[in-house]
Amino acid sequence: MSGHTDNSITIDAPLDLVWDITNDIENWPRLFSEYASVDVLSREGDATTFRLTMHPDDNGKVWSWVSERTVDRERRTVRAHRVETGPFAHMNIRWEYGQQPHGVTMRWVQDFAMKPDAPVDDDWMTDNINRNSRTQMALIRDRIEQAARERRTAPVSG
């Protein structure tokens, strides 16, 4: 068995701003509410390998893992996978960005499977990722839309 999630949200902001903010990995602890820190381990071309560390969960456990993320700005896609899989047998993530008449649709698709000895199963993790993705996407949308409003009202210096 395996898990699959597919979540999207429309952000009322220019595509370049949405792309730049959501792909600034070093800024993720200020963009996502769940990440305590990010450490970039290497960059090679469009690929970045990094360690993400979450804030402690309700039981005080701190989750951390290494992922590799490859951006393709021309195709408006990002592909990522966990290098250190932890409780996952595998975790593959695809982000897609689409220009819409009133903003940018950001879509996250995750395909994964939990290891047999993981503390939760695929169904539990699917529900968890869906719930958390909706929360994080709404937070990201609000933060990017605020940044877009601030840029529209910023005085132009000469």
# chains A, B, ... in the order shown; residues from 1 in each chain; ligands from 1

$ residues_around --residues "Thr5 (chain A)" --least-positions-apart "6" --cutoff "8 Å" --atoms "only C-alpha atoms" --output "PDB file with N, CA and C atoms, in the first residue's frame"
ATOM      1  N   TRP A 108       0.587  20.901  -4.393  1.00  0.00           N
ATOM      2  CA  TRP A 108       1.537  19.973  -3.798  1.00  0.00           C
ATOM      3  C   TRP A 108       0.987  18.555  -3.941  1.00  0.00           C
ATOM      4  N   VAL A 109       1.762  17.690  -4.587  1.00  0.00           N
ATOM      5  CA  VAL A 109       1.406  16.287  -4.736  1.00  0.00           C
ATOM      6  C   VAL A 109       2.478  15.468  -4.027  1.00  0.00           C
ATOM      7  N   GLN A 110       2.047  14.605  -3.132  1.00  0.00           N
ATOM      8  CA  GLN A 110       2.992  13.784  -2.371  1.00  0.00           C
ATOM      9  C   GLN A 110       2.624  12.312  -2.536  1.00  0.00           C
ATOM     10  N   ASP A 111       3.629  11.514  -2.887  1.00  0.00           N
ATOM     11  CA  ASP A 111       3.491  10.064  -2.987  1.00  0.00           C
ATOM     12  C   ASP A 111       4.484   9.449  -2.024  1.00  0.00           C
ATOM     13  N   THR A 126      -1.638   9.912   5.353  1.00  0.00           N
ATOM     14  CA  THR A 126      -2.369  10.623   4.297  1.00  0.00           C
ATOM     15  C   THR A 126      -3.279  11.680   4.910  1.00  0.00           C
ATOM     16  N   ILE A 129      -1.044  14.512   6.388  1.00  0.00           N
ATOM     17  CA  ILE A 129      -0.452  15.386   5.366  1.00  0.00           C
ATOM     18  C   ILE A 129      -1.520  16.265   4.743  1.00  0.00           C
ATOM     19  N   ASN A 130      -2.694  15.711   4.449  1.00  0.00           N
ATOM     20  CA  ASN A 130      -3.767  16.535   3.880  1.00  0.00           C
ATOM     21  C   ASN A 130      -4.159  17.663   4.819  1.00  0.00           C
TER      22      ASN A 130
END

$ residues_around --residues "Leu52 (chain A)" --least-positions-apart "3" --cutoff "9 Å" --atoms "only C-alpha atoms" --output "PDB file with all heavy atoms, in the first residue's frame"
ATOM      1  N   TYR A  35       8.277  24.447  10.669  1.00  0.00           N
ATOM      2  CA  TYR A  35       9.716  24.246  10.597  1.00  0.00           C
ATOM      3  C   TYR A  35      10.464  25.156  11.565  1.00  0.00           C
ATOM      4  O   TYR A  35      10.302  26.371  11.542  1.00  0.00           O
ATOM      5  CB  TYR A  35      10.247  24.484   9.181  1.00  0.00           C
ATOM      6  CG  TYR A  35       9.651  23.547   8.154  1.00  0.00           C
ATOM      7  CD1 TYR A  35       9.302  23.996   6.901  1.00  0.00           C
ATOM      8  CD2 TYR A  35       9.423  22.207   8.452  1.00  0.00           C
ATOM      9  CE1 TYR A  35       8.754  23.143   5.960  1.00  0.00           C
ATOM     10  CE2 TYR A  35       8.866  21.350   7.522  1.00  0.00           C
ATOM     11  CZ  TYR A  35       8.540  21.822   6.272  1.00  0.00           C
ATOM     12  OH  TYR A  35       7.994  20.969   5.350  1.00  0.00           O
ATOM     13  N   ALA A  36      11.312  24.543  12.383  1.00  0.00           N
ATOM     14  CA  ALA A  36      12.141  25.298  13.324  1.00  0.00           C
ATOM     15  C   ALA A  36      13.407  25.792  12.650  1.00  0.00           C
ATOM     16  O   ALA A  36      13.872  26.897  12.930  1.00  0.00           O
ATOM     17  CB  ALA A  36      12.496  24.427  14.529  1.00  0.00           C
ATOM     18  N   SER A  37      13.981  24.964  11.748  1.00  0.00           N
ATOM     19  CA  SER A  37      15.222  25.374  11.084  1.00  0.00           C
ATOM     20  C   SER A  37      15.416  24.608   9.789  1.00  0.00           C
ATOM     21  O   SER A  37      14.828  23.538   9.570  1.00  0.00           O
ATOM     22  CB  SER A  37      16.428  25.140  12.002  1.00  0.00           C
ATOM     23  OG  SER A  37      16.627  23.752  12.219  1.00  0.00           O
ATOM     24  N   VAL A  38      16.240  25.173   8.938  1.00  0.00           N
ATOM     25  CA  VAL A  38      16.658  24.536   7.699  1.00  0.00           C
ATOM     26  C   VAL A  38      18.148  24.783   7.546  1.00  0.00           C
ATOM     27  O   VAL A  38      18.636  25.883   7.807  1.00  0.00           O
ATOM     28  CB  VAL A  38      15.866  25.052   6.478  1.00  0.00           C
ATOM     29  CG1 VAL A  38      16.073  26.533   6.249  1.00  0.00           C
ATOM     30  CG2 VAL A  38      16.224  24.288   5.225  1.00  0.00           C
ATOM     31  N   ASP A  39      18.866  23.741   7.185  1.00  0.00           N
ATOM     32  CA  ASP A  39      20.308  23.847   6.938  1.00  0.00           C
ATOM     33  C   ASP A  39      20.579  23.352   5.527  1.00  0.00           C
ATOM     34  O   ASP A  39      20.343  22.172   5.232  1.00  0.00           O
ATOM     35  CB  ASP A  39      21.098  22.995   7.944  1.00  0.00           C
ATOM     36  CG  ASP A  39      20.898  23.467   9.366  1.00  0.00           C
ATOM     37  OD1 ASP A  39      21.150  24.649   9.627  1.00  0.00           O
ATOM     38  OD2 ASP A  39      20.462  22.651  10.197  1.00  0.00           O
ATOM     39  N   VAL A  40      21.055  24.244   4.660  1.00  0.00           N
ATOM     40  CA  VAL A  40      21.403  23.845   3.302  1.00  0.00           C
ATOM     41  C   VAL A  40      22.736  23.112   3.362  1.00  0.00           C
ATOM     42  O   VAL A  40      23.724  23.634   3.867  1.00  0.00           O
ATOM     43  CB  VAL A  40      21.466  25.068   2.366  1.00  0.00           C
ATOM     44  CG1 VAL A  40      22.012  24.671   1.002  1.00  0.00           C
ATOM     45  CG2 VAL A  40      20.087  25.709   2.230  1.00  0.00           C
ATOM     46  N   TRP A  63      11.275  16.075  14.885  1.00  0.00           N
ATOM     47  CA  TRP A  63      11.501  15.331  13.646  1.00  0.00           C
ATOM     48  C   TRP A  63      12.432  16.125  12.744  1.00  0.00           C
ATOM     49  O   TRP A  63      12.298  17.338  12.614  1.00  0.00           O
ATOM     50  CB  TRP A  63      10.169  15.075  12.929  1.00  0.00           C
ATOM     51  CG  TRP A  63       9.239  14.225  13.718  1.00  0.00           C
ATOM     52  CD1 TRP A  63       8.243  14.648  14.554  1.00  0.00           C
ATOM     53  CD2 TRP A  63       9.223  12.797  13.763  1.00  0.00           C
ATOM     54  NE1 TRP A  63       7.607  13.568  15.116  1.00  0.00           N
ATOM     55  CE2 TRP A  63       8.181  12.423  14.645  1.00  0.00           C
ATOM     56  CE3 TRP A  63       9.973  11.789  13.149  1.00  0.00           C
ATOM     57  CZ2 TRP A  63       7.883  11.092  14.917  1.00  0.00           C
ATOM     58  CZ3 TRP A  63       9.672  10.472  13.417  1.00  0.00           C
ATOM     59  CH2 TRP A  63       8.650  10.130  14.292  1.00  0.00           C
ATOM     60  N   SER A  64      13.364  15.423  12.115  1.00  0.00           N
ATOM     61  CA  SER A  64      14.326  16.063  11.219  1.00  0.00           C
ATOM     62  C   SER A  64      14.678  15.078  10.109  1.00  0.00           C
ATOM     63  O   SER A  64      14.724  13.862  10.341  1.00  0.00           O
ATOM     64  CB  SER A  64      15.577  16.458  12.012  1.00  0.00           C
ATOM     65  OG  SER A  64      16.510  17.100  11.174  1.00  0.00           O
ATOM     66  N   TRP A  65      14.922  15.588   8.915  1.00  0.00           N
ATOM     67  CA  TRP A  65      15.284  14.726   7.797  1.00  0.00           C
ATOM     68  C   TRP A  65      16.024  15.541   6.738  1.00  0.00           C
ATOM     69  O   TRP A  65      15.988  16.763   6.741  1.00  0.00           O
ATOM     70  CB  TRP A  65      14.047  14.070   7.190  1.00  0.00           C
ATOM     71  CG  TRP A  65      13.087  15.046   6.591  1.00  0.00           C
ATOM     72  CD1 TRP A  65      13.059  15.520   5.304  1.00  0.00           C
ATOM     73  CD2 TRP A  65      12.017  15.713   7.269  1.00  0.00           C
ATOM     74  NE1 TRP A  65      12.045  16.425   5.143  1.00  0.00           N
ATOM     75  CE2 TRP A  65      11.391  16.565   6.337  1.00  0.00           C
ATOM     76  CE3 TRP A  65      11.523  15.670   8.569  1.00  0.00           C
ATOM     77  CZ2 TRP A  65      10.297  17.362   6.666  1.00  0.00           C
ATOM     78  CZ3 TRP A  65      10.447  16.468   8.885  1.00  0.00           C
ATOM     79  CH2 TRP A  65       9.838  17.301   7.950  1.00  0.00           C
ATOM     80  N   VAL A  66      16.665  14.829   5.820  1.00  0.00           N
ATOM     81  CA  VAL A  66      17.365  15.453   4.696  1.00  0.00           C
ATOM     82  C   VAL A  66      16.560  15.188   3.429  1.00  0.00           C
ATOM     83  O   VAL A  66      16.105  14.066   3.191  1.00  0.00           O
ATOM     84  CB  VAL A  66      18.801  14.896   4.549  1.00  0.00           C
ATOM     85  CG1 VAL A  66      19.459  15.429   3.279  1.00  0.00           C
ATOM     86  CG2 VAL A  66      19.633  15.262   5.770  1.00  0.00           C
ATOM     87  N   SER A  67      16.371  16.248   2.647  1.00  0.00           N
ATOM     88  CA  SER A  67      15.670  16.162   1.370  1.00  0.00           C
ATOM     89  C   SER A  67      16.526  16.749   0.271  1.00  0.00           C
ATOM     90  O   SER A  67      17.412  17.576   0.531  1.00  0.00           O
ATOM     91  CB  SER A  67      14.348  16.938   1.413  1.00  0.00           C
ATOM     92  OG  SER A  67      13.406  16.296   2.212  1.00  0.00           O
TER      93      SER A  67
END

$ residues_around --residues "region 96-99 of chain A" --least-positions-apart "2" --cutoff "8 Å" --atoms "only C-alpha atoms" --output "list in words"
Leu15, Trp19, Arg76, Thr77, Val78, Arg94, Pro101, Gly103, Val104, Thr105, Met106, Arg107 and Trp108 of chain A

$ write_last_selection --atoms "C-alpha atoms" --output "PDB file, in the first residue's frame"
ATOM      1  CA  LEU A  15       3.831  34.314 -10.231  1.00  0.00           C
ATOM      2  CA  TRP A  19       7.857  31.301  -6.937  1.00  0.00           C
ATOM      3  CA  ARG A  76       7.047  25.960 -13.002  1.00  0.00           C
ATOM      4  CA  THR A  77       7.639  22.713 -11.162  1.00  0.00           C
ATOM      5  CA  VAL A  78       9.698  21.453  -8.252  1.00  0.00           C
ATOM      6  CA  ARG A  94       5.982  17.587  -6.650  1.00  0.00           C
ATOM      7  CA  PRO A 101      -6.737  35.002 -14.039  1.00  0.00           C
ATOM      8  CA  GLY A 103      -3.508  34.682  -9.036  1.00  0.00           C
ATOM      9  CA  VAL A 104      -1.314  31.628  -8.975  1.00  0.00           C
ATOM     10  CA  THR A 105      -2.387  28.097  -8.173  1.00  0.00           C
ATOM     11  CA  MET A 106       0.198  26.295  -6.072  1.00  0.00           C
ATOM     12  CA  ARG A 107      -0.247  22.517  -6.001  1.00  0.00           C
ATOM     13  CA  TRP A 108       1.537  19.973  -3.798  1.00  0.00           C
TER      14      TRP A 108
END

$ select_by_dssp --residues "region 17-119 of chain A" --states "strand (DSSP E or B)" --output "NGL selection string"
:A and (35-44 or 47-54 or 64-72 or 77-82 or 88-100 or 103-114)

$ closest_atom_pairs --of "region 4-33 of chain A" --to "region 140-152 of chain A" --cutoff "9 Å" --atoms "only C-alpha atoms" --output "JSON lines"
{"residue": "A:Ile9", "atom": "CA", "partner": "A:Arg141", "partner_atom": "CA", "distance": 7.7}
{"residue": "A:Thr10", "atom": "CA", "partner": "A:Arg141", "partner_atom": "CA", "distance": 7.5}
{"residue": "A:Ile11", "atom": "CA", "partner": "A:Arg141", "partner_atom": "CA", "distance": 5.3}
{"residue": "A:Asp12", "atom": "CA", "partner": "A:Glu145", "partner_atom": "CA", "distance": 5.9}
{"residue": "A:Ala13", "atom": "CA", "partner": "A:Ala148", "partner_atom": "CA", "distance": 5.8}
{"residue": "A:Pro14", "atom": "CA", "partner": "A:Ala148", "partner_atom": "CA", "distance": 7.6}
{"residue": "A:Leu17", "atom": "CA", "partner": "A:Ala148", "partner_atom": "CA", "distance": 7.6}
{"residue": "A:Val18", "atom": "CA", "partner": "A:Ile144", "partner_atom": "CA", "distance": 6.7}
{"residue": "A:Ile21", "atom": "CA", "partner": "A:Ile144", "partner_atom": "CA", "distance": 7.4}
{"residue": "A:Thr22", "atom": "CA", "partner": "A:Ile140", "partner_atom": "CA", "distance": 8.0}
{"residue": "A:Leu31", "atom": "CA", "partner": "A:Ile140", "partner_atom": "CA", "distance": 6.2}
{"residue": "A:Phe32", "atom": "CA", "partner": "A:Ile140", "partner_atom": "CA", "distance": 6.8}

$ atom_distance --atom1 "CA of Gly60 (chain A)" --atom2 "CA of Gly3 (chain A)"
25.6 Å

$ closest_residue --among "A:Lys61, A:His81, A:Arg51, A:Arg131" --to "Phe112 (chain A)" --atoms "only C-alpha atoms"
A:His81

$ select_by_dssp --residues "region 38-132 of chain A" --states "alpha helix (DSSP H)" --output "JSON, numbers by chain"
{"A": [122, 123, 124, 125, 126, 127, 128, 129, 130, 131, 132]}

$ write_last_selection --atoms "all heavy atoms" --output "JSON list (two decimals), in the first residue's frame"
[["chain", "number", "residue", "atom", "x", "y", "z"],
["A", 122, "ASP", "N", -0.06, 4.22, 6.34],
["A", 122, "ASP", "CA", -0.24, 5.10, 5.19],
["A", 122, "ASP", "C", -1.52, 5.93, 5.29],
["A", 122, "ASP", "O", -1.52, 7.12, 4.96],
["A", 122, "ASP", "CB", -0.27, 4.29, 3.88],
["A", 122, "ASP", "CG", 1.06, 3.64, 3.55],
["A", 122, "ASP", "OD1", 2.10, 4.09, 4.06],
["A", 122, "ASP", "OD2", 1.05, 2.68, 2.76],
["A", 123, "ASP", "N", -2.60, 5.32, 5.74],
["A", 123, "ASP", "CA", -3.88, 6.05, 5.85],
["A", 123, "ASP", "C", -3.77, 7.18, 6.86],
["A", 123, "ASP", "O", -4.24, 8.30, 6.61],
["A", 123, "ASP", "CB", -5.02, 5.10, 6.23],
["A", 123, "ASP", "CG", -5.40, 4.16, 5.10],
["A", 123, "ASP", "OD1", -5.12, 4.48, 3.93],
["A", 123, "ASP", "OD2", -5.98, 3.10, 5.40],
["A", 124, "TRP", "N", -3.18, 6.90, 8.02],
["A", 124, "TRP", "CA", -3.02, 7.94, 9.04],
["A", 124, "TRP", "C", -2.18, 9.08, 8.49],
["A", 124, "TRP", "O", -2.52, 10.26, 8.66],
["A", 124, "TRP", "CB", -2.37, 7.37, 10.30],
["A", 124, "TRP", "CG", -2.33, 8.36, 11.42],
["A", 124, "TRP", "CD1", -3.24, 8.50, 12.42],
["A", 124, "TRP", "CD2", -1.34, 9.38, 11.65],
["A", 124, "TRP", "NE1", -2.87, 9.54, 13.26],
["A", 124, "TRP", "CE2", -1.71, 10.10, 12.80],
["A", 124, "TRP", "CE3", -0.17, 9.76, 10.98],
["A", 124, "TRP", "CZ2", -0.95, 11.16, 13.29],
["A", 124, "TRP", "CZ3", 0.57, 10.83, 11.46],
["A", 124, "TRP", "CH2", 0.17, 11.51, 12.62],
["A", 125, "MET", "N", -1.05, 8.75, 7.82],
["A", 125, "MET", "CA", -0.17, 9.78, 7.30],
["A", 125, "MET", "C", -0.84, 10.56, 6.18],
["A", 125, "MET", "O", -0.64, 11.78, 6.06],
["A", 125, "MET", "CB", 1.16, 9.17, 6.84],
["A", 125, "MET", "CG", 2.19, 10.22, 6.45],
["A", 125, "MET", "SD", 2.56, 11.45, 7.75],
["A", 125, "MET", "CE", 3.50, 10.46, 8.91],
["A", 126, "THR", "N", -1.64, 9.91, 5.35],
["A", 126, "THR", "CA", -2.37, 10.62, 4.30],
["A", 126, "THR", "C", -3.28, 11.68, 4.91],
["A", 126, "THR", "O", -3.28, 12.83, 4.48],
["A", 126, "THR", "CB", -3.19, 9.63, 3.44],
["A", 126, "THR", "OG1", -2.29, 8.71, 2.82],
["A", 126, "THR", "CG2", -4.01, 10.35, 2.38],
["A", 127, "ASP", "N", -4.03, 11.30, 5.92],
["A", 127, "ASP", "CA", -4.91, 12.26, 6.59],
["A", 127, "ASP", "C", -4.10, 13.39, 7.23],
["A", 127, "ASP", "O", -4.48, 14.56, 7.14],
["A", 127, "ASP", "CB", -5.75, 11.57, 7.67],
["A", 127, "ASP", "CG", -6.82, 10.65, 7.10],
["A", 127, "ASP", "OD1", -7.15, 10.79, 5.90],
["A", 127, "ASP", "OD2", -7.31, 9.79, 7.84],
["A", 128, "ASN", "N", -3.00, 13.05, 7.86],
["A", 128, "ASN", "CA", -2.15, 14.04, 8.51],
["A", 128, "ASN", "C", -1.57, 15.03, 7.50],
["A", 128, "ASN", "O", -1.59, 16.24, 7.71],
["A", 128, "ASN", "CB", -1.03, 13.34, 9.28],
["A", 128, "ASN", "CG", -0.19, 14.30, 10.07],
["A", 128, "ASN", "OD1", -0.68, 14.98, 10.97],
["A", 128, "ASN", "ND2", 1.09, 14.38, 9.73],
["A", 129, "ILE", "N", -1.04, 14.51, 6.39],
["A", 129, "ILE", "CA", -0.45, 15.39, 5.37],
["A", 129, "ILE", "C", -1.52, 16.27, 4.74],
["A", 129, "ILE", "O", -1.29, 17.47, 4.53],
["A", 129, "ILE", "CB", 0.30, 14.56, 4.31],
["A", 129, "ILE", "CG1", 1.58, 13.96, 4.92],
["A", 129, "ILE", "CG2", 0.63, 15.42, 3.08],
["A", 129, "ILE", "CD1", 2.31, 12.98, 4.02],
["A", 130, "ASN", "N", -2.69, 15.71, 4.45],
["A", 130, "ASN", "CA", -3.77, 16.53, 3.88],
["A", 130, "ASN", "C", -4.16, 17.66, 4.82],
["A", 130, "ASN", "O", -4.27, 18.82, 4.40],
["A", 130, "ASN", "CB", -4.99, 15.68, 3.55],
["A", 130, "ASN", "CG", -4.87, 14.99, 2.22],
["A", 130, "ASN", "OD1", -4.29, 15.51, 1.28],
["A", 130, "ASN", "ND2", -5.42, 13.79, 2.14],
["A", 131, "ARG", "N", -4.35, 17.35, 6.08],
["A", 131, "ARG", "CA", -4.74, 18.36, 7.08],
["A", 131, "ARG", "C", -3.65, 19.42, 7.20],
["A", 131, "ARG", "O", -3.92, 20.63, 7.16],
["A", 131, "ARG", "CB", -5.01, 17.68, 8.42],
["A", 131, "ARG", "CG", -5.53, 18.56, 9.51],
["A", 131, "ARG", "CD", -5.90, 17.78, 10.77],
["A", 131, "ARG", "NE", -4.92, 16.78, 11.18],
["A", 131, "ARG", "CZ", -5.02, 15.45, 10.98],
["A", 131, "ARG", "NH1", -6.07, 14.95, 10.36],
["A", 131, "ARG", "NH2", -4.08, 14.64, 11.41],
["A", 132, "ASN", "N", -2.40, 18.99, 7.34],
["A", 132, "ASN", "CA", -1.30, 19.91, 7.52],
["A", 132, "ASN", "C", -1.03, 20.73, 6.26],
["A", 132, "ASN", "O", -0.72, 21.92, 6.34],
["A", 132, "ASN", "CB", -0.03, 19.15, 7.94],
["A", 132, "ASN", "CG", 1.01, 20.08, 8.45],
["A", 132, "ASN", "OD1", 0.76, 20.88, 9.34],
["A", 132, "ASN", "ND2", 2.20, 20.00, 7.87]]

$ closest_residue --among "A:Ala113, A:Leu41, A:Met137, A:Ile25" --to "Gly86 (chain A)" --atoms "only C-alpha atoms"
A:Ala113

$ residues_around --residues "Lys115 (chain A)" --least-positions-apart "6" --cutoff "6 Å" --atoms "only C-alpha atoms" --output "list in words"
Pro87, Phe88 and Ala89 of chain A

$ write_last_selection --atoms "all heavy atoms" --output "CSV table (one decimal), in the first residue's frame"
chain,number,residue,atom,x,y,z
A,87,PRO,N,10.7,7.4,9.0
A,87,PRO,CA,9.6,6.4,9.1
A,87,PRO,C,9.0,6.1,7.7
A,87,PRO,O,8.2,5.1,7.6
A,87,PRO,CB,8.6,7.0,10.0
A,87,PRO,CG,8.7,8.5,9.8
A,87,PRO,CD,10.2,8.7,9.6
A,88,PHE,N,9.4,6.8,6.7
A,88,PHE,CA,8.9,6.6,5.3
A,88,PHE,C,9.7,5.6,4.6
A,88,PHE,O,11.0,5.6,4.6
A,88,PHE,CB,8.9,7.9,4.5
A,88,PHE,CG,7.9,8.9,5.0
A,88,PHE,CD1,8.3,9.8,5.9
A,88,PHE,CD2,6.6,8.9,4.6
A,88,PHE,CE1,7.4,10.8,6.4
A,88,PHE,CE2,5.7,9.9,5.0
A,88,PHE,CZ,6.1,10.8,6.0
A,89,ALA,N,9.1,4.7,3.8
A,89,ALA,CA,9.8,3.8,2.9
A,89,ALA,C,10.3,4.7,1.7
A,89,ALA,O,11.5,4.5,1.2
A,89,ALA,CB,8.9,2.7,2.4

$ closest_residue --among "A:Arg82, A:Arg69, A:Arg30, A:His55" --to "Ser42 (chain A)" --atoms "only C-alpha atoms"
A:Arg69

$ closest_residue --among "A:Glu34, A:Pro116, A:Glu84, A:Thr48" --to "Val62 (chain A)" --atoms "only C-alpha atoms"
A:Glu34
